[in-house]
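Colleague: Handing over upload_4.cif, mmCIF, C-alpha atoms.
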data_protein
loop_
_atom_site.label_atom_id
_atom_site.label_comp_id
_atom_site.auth_asym_id
_atom_site.auth_seq_id
_atom_site.Cartn_x
_atom_site.Cartn_y
_atom_site.Cartn_z
CA MET A 375 -25.53 14.20 4.82
CA ILE A 376 -25.83 17.85 5.84
CA ALA A 377 -26.79 19.11 9.30
CA LEU A 378 -27.85 22.66 10.03
CA GLY A 379 -27.55 24.51 13.34
CA ARG A 380 -25.95 24.58 16.73
CA LEU A 381 -22.19 24.44 17.26
CA GLY A 382 -20.06 25.31 20.27
CA VAL A 383 -17.42 24.18 22.73
CA ASP A 384 -18.35 21.71 25.48
CA LEU A 385 -16.35 22.05 28.70
CA TYR A 386 -17.02 18.92 30.73
CA PRO A 387 -15.73 18.12 34.22
CA LEU A 388 -13.11 15.42 34.35
CA ARG A 389 -14.62 14.31 37.67
CA THR A 390 -18.16 13.01 37.96
CA GLY A 391 -20.51 13.40 40.89
CA VAL A 392 -19.30 16.83 42.01
CA PRO A 393 -20.99 20.23 41.55
CA LEU A 394 -19.55 22.66 39.04
CA ALA A 395 -18.35 24.98 41.80
CA GLU A 396 -15.96 22.26 42.99
CA VAL A 397 -14.64 21.15 39.61
CA GLU A 398 -10.97 21.98 39.01
CA THR A 399 -10.26 20.43 35.61
CA PHE A 400 -12.30 20.27 32.42
CA GLY A 401 -12.06 18.51 29.09
CA LYS A 402 -12.66 20.57 25.95
CA PHE A 403 -14.77 19.01 23.19
CA LEU A 404 -16.64 19.95 20.06
CA GLY A 405 -20.32 20.28 20.93
CA GLY A 406 -23.76 21.23 19.69
CA SER A 407 -26.34 18.60 18.81
CA PRO A 408 -26.28 18.88 14.97
CA ALA A 409 -22.49 18.90 15.02
CA ASN A 410 -22.42 15.77 17.17
CA VAL A 411 -24.91 14.04 14.86
CA VAL A 412 -22.75 14.54 11.77
CA VAL A 413 -19.67 13.44 13.70
CA ALA A 414 -21.57 10.28 14.68
CA ALA A 415 -22.55 9.62 11.07
CA ALA A 416 -18.99 10.30 9.87
CA ARG A 417 -17.69 7.72 12.35
CA LEU A 418 -19.96 5.21 10.61
CA GLY A 419 -18.45 6.02 7.21
CA ARG A 420 -20.91 8.62 5.92
CA ARG A 421 -19.88 11.78 4.06
CA THR A 422 -21.10 14.65 6.20
CA ALA A 423 -21.07 18.45 6.36
CA LEU A 424 -22.27 21.07 8.82
CA VAL A 425 -23.90 24.43 8.14
CA SER A 426 -23.25 26.63 11.17
CA ARG A 427 -21.34 29.63 12.47
CA THR A 428 -18.71 30.34 15.14
CA GLY A 429 -17.30 33.45 16.70
CA GLU A 430 -14.19 35.03 15.23
CA ASP A 431 -11.99 33.72 18.04
CA PRO A 432 -9.67 30.83 18.96
CA PHE A 433 -12.61 28.64 20.01
CA GLY A 434 -14.05 29.02 16.50
CA ASP A 435 -10.71 27.98 15.00
CA TYR A 436 -10.69 24.98 17.31
CA LEU A 437 -14.17 23.88 16.21
CA ARG A 438 -13.38 24.05 12.50
CA ALA A 439 -10.21 22.04 13.09
CA GLU A 440 -12.16 19.45 15.10
CA LEU A 441 -14.82 19.10 12.41
CA GLU A 442 -12.15 18.43 9.81
CA LYS A 443 -10.39 15.98 12.15
CA PHE A 444 -13.64 14.04 12.53
CA GLY A 445 -14.13 13.98 8.76
CA VAL A 446 -16.92 16.58 8.65
CA ASP A 447 -16.85 19.15 5.84
CA ALA A 448 -16.63 22.60 7.49
CA ARG A 449 -16.81 24.79 4.38
CA TRP A 450 -20.16 26.24 5.53
CA VAL A 451 -18.95 27.16 9.04
CA PRO A 452 -17.58 30.73 8.78
CA ALA A 453 -16.84 33.06 11.68
CA VAL A 454 -19.16 35.91 12.65
CA PRO A 455 -17.26 39.04 13.71
CA GLY A 456 -18.29 40.56 17.02
CA LEU A 457 -19.85 37.45 18.58
CA PRO A 458 -18.19 34.89 20.86
CA THR A 459 -18.20 31.19 20.09
CA PRO A 460 -20.75 29.55 22.44
CA VAL A 461 -19.50 27.55 25.41
CA THR A 462 -21.49 24.95 27.34
CA PHE A 463 -20.66 23.58 30.79
CA CYS A 464 -22.31 20.56 32.37
CA GLU A 465 -22.44 18.81 35.70
CA ILE A 466 -22.28 15.02 35.69
CA PHE A 467 -24.32 13.13 38.27
CA PRO A 468 -24.90 9.61 36.87
CA PRO A 469 -27.14 7.96 36.04
CA ASP A 470 -29.70 10.59 35.04
CA ASP A 471 -28.81 14.11 36.20
CA PHE A 472 -26.70 16.21 33.81
CA PRO A 473 -27.46 19.93 34.22
CA LEU A 474 -26.34 22.12 31.32
CA TYR A 475 -25.23 25.75 31.41
CA PHE A 476 -25.31 27.46 28.02
CA TYR A 477 -23.28 30.61 27.38
CA ARG A 478 -24.74 31.94 24.12
CA ARG A 479 -24.99 35.70 24.76
CA PRO A 480 -25.39 38.29 23.44
CA GLU A 481 -26.35 36.00 20.56
CA ALA A 482 -25.17 32.64 19.31
CA PRO A 483 -23.40 32.82 15.93
CA ASP A 484 -25.32 29.74 14.71
CA LEU A 485 -28.55 31.77 14.97
CA ARG A 486 -27.08 34.19 12.43
CA ILE A 487 -27.39 31.69 9.55
CA THR A 488 -29.37 33.43 6.79
CA ALA A 489 -31.41 31.95 3.96
CA ASP A 490 -29.44 33.82 1.29
CA THR A 491 -26.16 32.20 2.39
CA LEU A 492 -27.44 28.62 2.09
CA ASP A 493 -26.04 26.42 -0.65
CA LEU A 494 -29.48 25.22 -1.72
CA GLU A 495 -28.09 23.08 -4.52
CA ALA A 496 -26.05 21.06 -2.02
CA ILE A 497 -28.93 20.96 0.47
CA GLY A 498 -31.28 19.66 -2.19
CA ALA A 499 -28.79 17.02 -3.34
CA ALA A 500 -27.90 15.71 0.12
CA ARG A 501 -29.24 12.27 0.93
CA VAL A 502 -30.06 13.52 4.45
CA LEU A 503 -30.77 16.99 5.79
CA TRP A 504 -30.80 17.22 9.60
CA ALA A 505 -32.38 20.39 11.04
CA THR A 506 -33.28 21.19 14.64
CA GLY A 507 -35.90 22.90 16.74
CA THR A 508 -33.31 25.27 18.18
CA GLY A 509 -32.81 26.59 14.67
CA LEU A 510 -36.44 27.77 14.81
CA SER A 511 -35.92 29.78 18.01
CA ALA A 512 -34.90 33.11 16.45
CA GLU A 513 -34.44 34.99 13.21
CA PRO A 514 -32.69 34.83 10.80
CA SER A 515 -32.01 31.17 11.67
CA ARG A 516 -35.73 30.35 11.64
CA THR A 517 -36.23 31.47 8.06
CA ALA A 518 -32.99 29.77 7.00
CA THR A 519 -34.10 26.49 8.60
CA LEU A 520 -37.55 26.60 6.99
CA THR A 521 -36.03 27.56 3.63
CA ALA A 522 -33.65 24.60 3.73
CA LEU A 523 -36.44 22.19 4.69
CA ALA A 524 -38.85 23.52 2.07
CA HIS A 525 -36.24 23.43 -0.68
CA ARG A 526 -36.00 19.66 -0.41
CA ARG A 527 -39.70 19.27 -1.35
CA ARG A 528 -40.10 16.43 1.15
CA ALA A 529 -37.27 14.38 -0.35
CA ALA A 530 -36.09 11.49 1.76
CA HIS A 531 -34.53 11.90 4.22
CA THR A 532 -35.47 15.36 5.52
CA VAL A 533 -35.16 15.14 9.30
CA LEU A 534 -36.39 17.51 11.99
CA ASP A 535 -34.83 16.87 15.39
CA LEU A 536 -37.41 18.47 17.70
CA ASP A 537 -34.59 19.52 20.05
CA TRP A 538 -36.74 21.58 22.43
CA ARG A 539 -34.48 23.57 24.75
CA PRO A 540 -36.61 26.34 26.26
CA MET A 541 -33.61 28.12 27.79
CA LEU A 542 -32.39 28.83 24.24
CA TRP A 543 -35.64 30.60 23.27
CA ASP A 544 -36.36 34.18 24.27
CA GLU A 545 -39.38 34.21 26.56
CA ALA A 546 -41.35 36.29 24.06
CA GLU A 547 -40.81 33.67 21.35
CA ARG A 548 -41.88 30.61 23.34
CA PRO A 549 -45.67 31.01 22.91
CA ASP A 550 -45.23 30.74 19.13
CA ALA A 551 -42.91 27.74 19.25
CA ARG A 552 -45.56 25.14 18.38
CA ALA A 553 -46.57 27.07 15.27
CA HIS A 554 -42.94 27.18 14.16
CA TYR A 555 -42.63 23.44 14.75
CA ALA A 556 -45.77 22.84 12.67
CA ALA A 557 -44.30 24.85 9.80
CA ALA A 558 -41.11 22.78 9.91
CA LEU A 559 -42.86 19.41 10.26
CA ALA A 560 -44.89 20.16 7.13
CA HIS A 561 -41.62 19.92 5.14
CA ALA A 562 -39.96 17.03 7.00
CA THR A 563 -40.11 13.33 6.25
CA VAL A 564 -38.68 12.21 9.62
CA ALA A 565 -39.26 13.65 13.10
CA VAL A 566 -37.17 12.65 16.12
CA GLY A 567 -37.81 13.69 19.71
CA ASN A 568 -38.17 12.65 23.31
CA LEU A 569 -41.48 12.80 25.15
CA ALA A 570 -41.08 16.38 26.34
CA GLU A 571 -40.09 17.51 22.85
CA CYS A 572 -43.03 15.71 21.28
CA GLU A 573 -45.36 17.36 23.76
CA GLN A 574 -43.99 20.78 22.92
CA ALA A 575 -44.30 20.21 19.18
CA THR A 576 -47.67 18.46 19.10
CA GLY A 577 -49.38 18.74 22.49
CA GLU A 578 -49.19 14.96 22.95
CA ARG A 579 -46.91 13.23 25.45
CA ALA A 580 -48.16 9.62 25.45
CA PRO A 581 -45.84 7.80 23.00
CA GLN A 582 -48.43 6.34 20.62
CA ALA A 583 -50.44 9.57 20.57
CA ALA A 584 -47.29 11.62 20.01
CA ALA A 585 -46.29 9.39 17.09
CA ASP A 586 -49.79 9.73 15.61
CA ALA A 587 -49.63 13.52 15.97
CA LEU A 588 -46.24 13.72 14.24
CA LEU A 589 -47.52 11.59 11.36
CA ALA A 590 -50.58 13.81 11.12
CA ALA A 591 -48.28 16.85 10.99
CA GLY A 592 -46.82 15.52 7.75
CA VAL A 593 -43.83 13.27 8.39
CA THR A 594 -43.41 9.76 7.06
CA LEU A 595 -41.49 8.41 10.05
CA ALA A 596 -41.94 9.46 13.69
CA VAL A 597 -39.30 8.41 16.22
CA VAL A 598 -40.31 8.90 19.86
CA LYS A 599 -37.53 8.41 22.42
CA GLN A 600 -38.82 7.29 25.82
CA GLY A 601 -35.69 7.20 27.95
CA PRO A 602 -35.69 4.11 30.17
CA ASP A 603 -38.71 2.74 28.28
CA GLY A 604 -36.87 2.56 24.96
CA VAL A 605 -37.91 3.92 21.58
CA LEU A 606 -41.08 3.85 19.49
CA ALA A 607 -40.88 4.31 15.72
CA ALA A 608 -44.03 4.69 13.63
CA HIS A 609 -44.09 4.75 9.82
CA ARG A 610 -46.86 6.14 7.67
CA ASP A 611 -47.25 2.70 6.03
CA GLY A 612 -48.52 1.35 9.35
CA THR A 613 -45.30 -0.23 10.56
CA ARG A 614 -44.64 0.33 14.25
CA VAL A 615 -41.65 -0.98 16.13
CA THR A 616 -40.47 -0.61 19.69
CA ALA A 617 -36.97 -1.18 20.96
CA PRO A 618 -36.05 -1.64 24.61
CA PRO A 619 -33.13 0.31 26.04
CA VAL A 620 -29.71 -1.30 25.87
CA PRO A 621 -28.40 -1.82 29.42
CA VAL A 622 -25.30 0.26 30.14
CA GLU A 623 -23.58 1.80 33.13
CA VAL A 624 -24.28 5.47 32.47
CA VAL A 625 -21.39 7.93 32.78
CA ASN A 626 -22.78 10.91 30.85
CA GLY A 627 -26.07 10.68 28.99
CA LEU A 628 -25.78 14.01 27.15
CA GLY A 629 -24.40 12.67 23.85
CA ALA A 630 -26.56 9.55 23.64
CA GLY A 631 -29.32 11.20 21.59
CA ASP A 632 -26.81 12.57 19.08
CA ALA A 633 -25.19 9.16 18.65
CA PHE A 634 -28.70 7.77 18.17
CA GLY A 635 -29.35 10.39 15.49
CA GLY A 636 -26.19 9.70 13.53
CA ALA A 637 -26.81 5.95 13.64
CA LEU A 638 -30.47 6.45 12.71
CA CYS A 639 -29.40 8.31 9.56
CA HIS A 640 -26.85 5.59 8.80
CA GLY A 641 -29.56 2.92 8.97
CA LEU A 642 -32.00 4.95 6.88
CA LEU A 643 -29.35 5.49 4.20
CA ALA A 644 -28.49 1.80 4.23
CA GLY A 645 -32.14 0.92 3.63
CA TRP A 646 -32.33 -1.39 6.63
CA PRO A 647 -35.67 -2.60 8.02
CA LEU A 648 -37.03 -0.15 10.57
CA ALA A 649 -36.55 -2.51 13.52
CA ASP A 650 -32.89 -3.03 12.63
CA THR A 651 -32.31 0.70 12.21
CA ILE A 652 -33.85 1.57 15.58
CA GLY A 653 -32.01 -1.24 17.37
CA TYR A 654 -28.71 -0.10 15.88
CA ALA A 655 -29.35 3.53 16.85
CA ASN A 656 -30.29 2.44 20.37
CA ALA A 657 -27.00 0.60 20.74
CA ALA A 658 -25.02 3.61 19.49
CA GLY A 659 -26.72 5.82 22.05
CA ALA A 660 -26.02 3.36 24.85
CA LEU A 661 -22.32 3.26 24.04
CA VAL A 662 -22.00 7.04 24.28
CA ALA A 663 -24.03 7.15 27.50
CA GLY A 664 -21.31 4.97 29.00
CA ARG A 665 -18.58 7.48 28.09
CA LEU A 666 -17.64 10.93 29.36
CA ALA A 667 -17.52 12.96 26.15
CA CYS A 668 -19.95 13.47 23.27
CA SER A 669 -18.31 14.13 19.90
CA SER A 670 -15.08 12.24 20.54
CA ALA A 671 -17.05 9.37 22.11
CA MET A 672 -19.15 8.60 19.02
CA PRO A 673 -18.86 4.87 18.30
CA ARG A 674 -17.56 3.09 15.24
CA ALA A 675 -19.56 0.41 13.47
CA GLU A 676 -17.58 -2.47 14.96
CA GLU A 677 -18.30 -1.22 18.49
CA ILE A 678 -22.04 -1.05 17.83
CA GLU A 679 -22.03 -4.49 16.24
CA ALA A 680 -20.11 -5.92 19.18
CA LEU A 681 -22.64 -4.52 21.65
CA LEU A 682 -25.53 -5.86 19.60
CA GLY A 683 -23.76 -9.21 19.51
CA GLY A 684 -23.66 -9.33 23.30
CA ALA A 685 -20.09 -8.21 23.95
CA GLU A 686 -19.30 -6.30 27.13
#
Mind turning the file's structure into structure tokens?
Modeller:
Amino acid sequence: MIALGRLGVDLYPLRTGVPLAEVETFGKFLGGSPANVVVAAARLGRRTALVSRTGEDPFGDYLRAELEKFGVDARWVPAVPGLPTPVTFCEIFPPDDFPLYFYRRPEAPDLRITADTLDLEAIGAARVLWATGTGLSAEPSRTATLTALAHRRRAAHTVLDLDWRPMLWDEAERPDARAHYAAALAHATVAVGNLAECEQATGERAPQAAADALLAAGVTLAVVKQGPDGVLAAHRDGTRVTAPPVPVEVVNGLGAGDAFGGALCHGLLAGWPLADTIGYANAAGALVAGRLACSSAMPRAEEIEALLGGAE
């Protein structure tokens, strides 16, 4: 499995329920949605790699070391001279308020990925490619993302995580975002997004309509995350499944979607029935929502199975 895109350092408060201005101590973690997804898949026994960039600084060294520690191949994560490694702070107000503060200026190194530096042979051979909407937000990353997706010629499993984060798009680029999403969806076999992301990509927010729009855009499997209402998955063959949320005492919901993504890929690679795959991914996301961190909190298979089996 290869993921392409965002990578940075997460600095999370070690106290919950207090504003950032009052926080005195932070935990340092590997962050960035695609990076977290491959960490989640690696925890489930999958061979994974990340295509990204860091700054040429100690934080970049830290991230490469963390990727290797988690079992993620970091050969395609070089440093970019002259740019700082991105840092992200959050505030933690359970159960559903987790403001994020991205420091990605003057430019994030992961947006400097170029098409001519991609290992297209490896990308074509990977059993999963995971790309994100943030990768479409600027050049040269946009062309690199579309090149990687197109190179796979709609091979399973070519995943587009809609990953709409408007604060990471320059204001001048935002009006064209839907057209860029359409170009990416035309090459993807799986699309994953929450309701707001689906609305941005397709214009549809109602779950069934959003799933229909994603299928019409070209994918084979549309996964629509609905927060407290669970998940809808719609396959081109007509199969539709819904999964209710797994009850959990939320500590930090920020990594839940990435755990879901890694577990989703694990189930797709295992060839499980769609309902089993979505239920498993739901449980993985719930476990991480009940923990403080993201990358280091990704669950192992036995933890997911225990939760599905009814364990506390």
Colleague: Got a sec: who's within 10 Å of Val454 of chain A, counting all atoms listed in the file, leaving out chain neighbours fewer than 3 positions off, as a list in words?
Modeller: Arg427, Thr428, Gly429, Glu430, Asp431, Gly434, Val451, Leu457, Pro458, Thr459, Ala482, Pro483, Asp484, Arg486 and Ile487 of chain A
Colleague: Would you please work out which residue, of A:Cys668, A:Ala553, A:His609, A:Val615, is nearest to Ala590 of chain A when using all atoms listed in the file?
Modeller: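 Of the candidates, the smallest distance to Ala590 of chain A is held by A:His609.
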Colleague: What separation in Å, quoted to one decimal, exists between atom CA of Leu523 of chain A and atom CA of Leu381 of chain A?
Modeller: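 Pair atom CA of Leu523 of chain A / atom CA of Leu381 of chain A returns 19.1 Å.
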Colleague: Expanded to explicit residues, what is the PyMOL selection byres ((chain A and resi 649) around 10) for this file, as an MDAnalysis selection string?
Modeller: chainID A and resid 606:607 613:617 641 646:648 650:655
Colleague: Pick out the closest residue to Arg421 of chain A from this set: A:Arg548, A:Arg478, A:His640, A:Arg674. Count all atoms listed in the file.
Modeller: A:His640
Colleague: What separation in Å, quoted to one decimal, exists between atom CA of Pro540 of chain A and atom CA of Phe476 of chain A?
Modeller: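 Interatomic distance, atom CA of Pro540 of chain A to atom CA of Phe476 of chain A: 11.5 Å.
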Colleague: Name the closest residue to Asn568 of chain A among the candidates A:Val605, A:Ala630, A:Leu437, A:Ala551; distances are taken between atoms, counting all atoms listed in the file.
Modeller: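 Of the candidates, the smallest distance to Asn568 of chain A is held by A:Val605.
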Colleague: Please identify all polymer residues within 9 Å of Leu661 of chain A, counting all atoms listed in the file, omitting same-chain residues fewer than 4 positions from it, and present them as a ChimeraX atom specification.
Modeller: /A:620,622,624,630,633,656-657,665,671-673,677-678,681
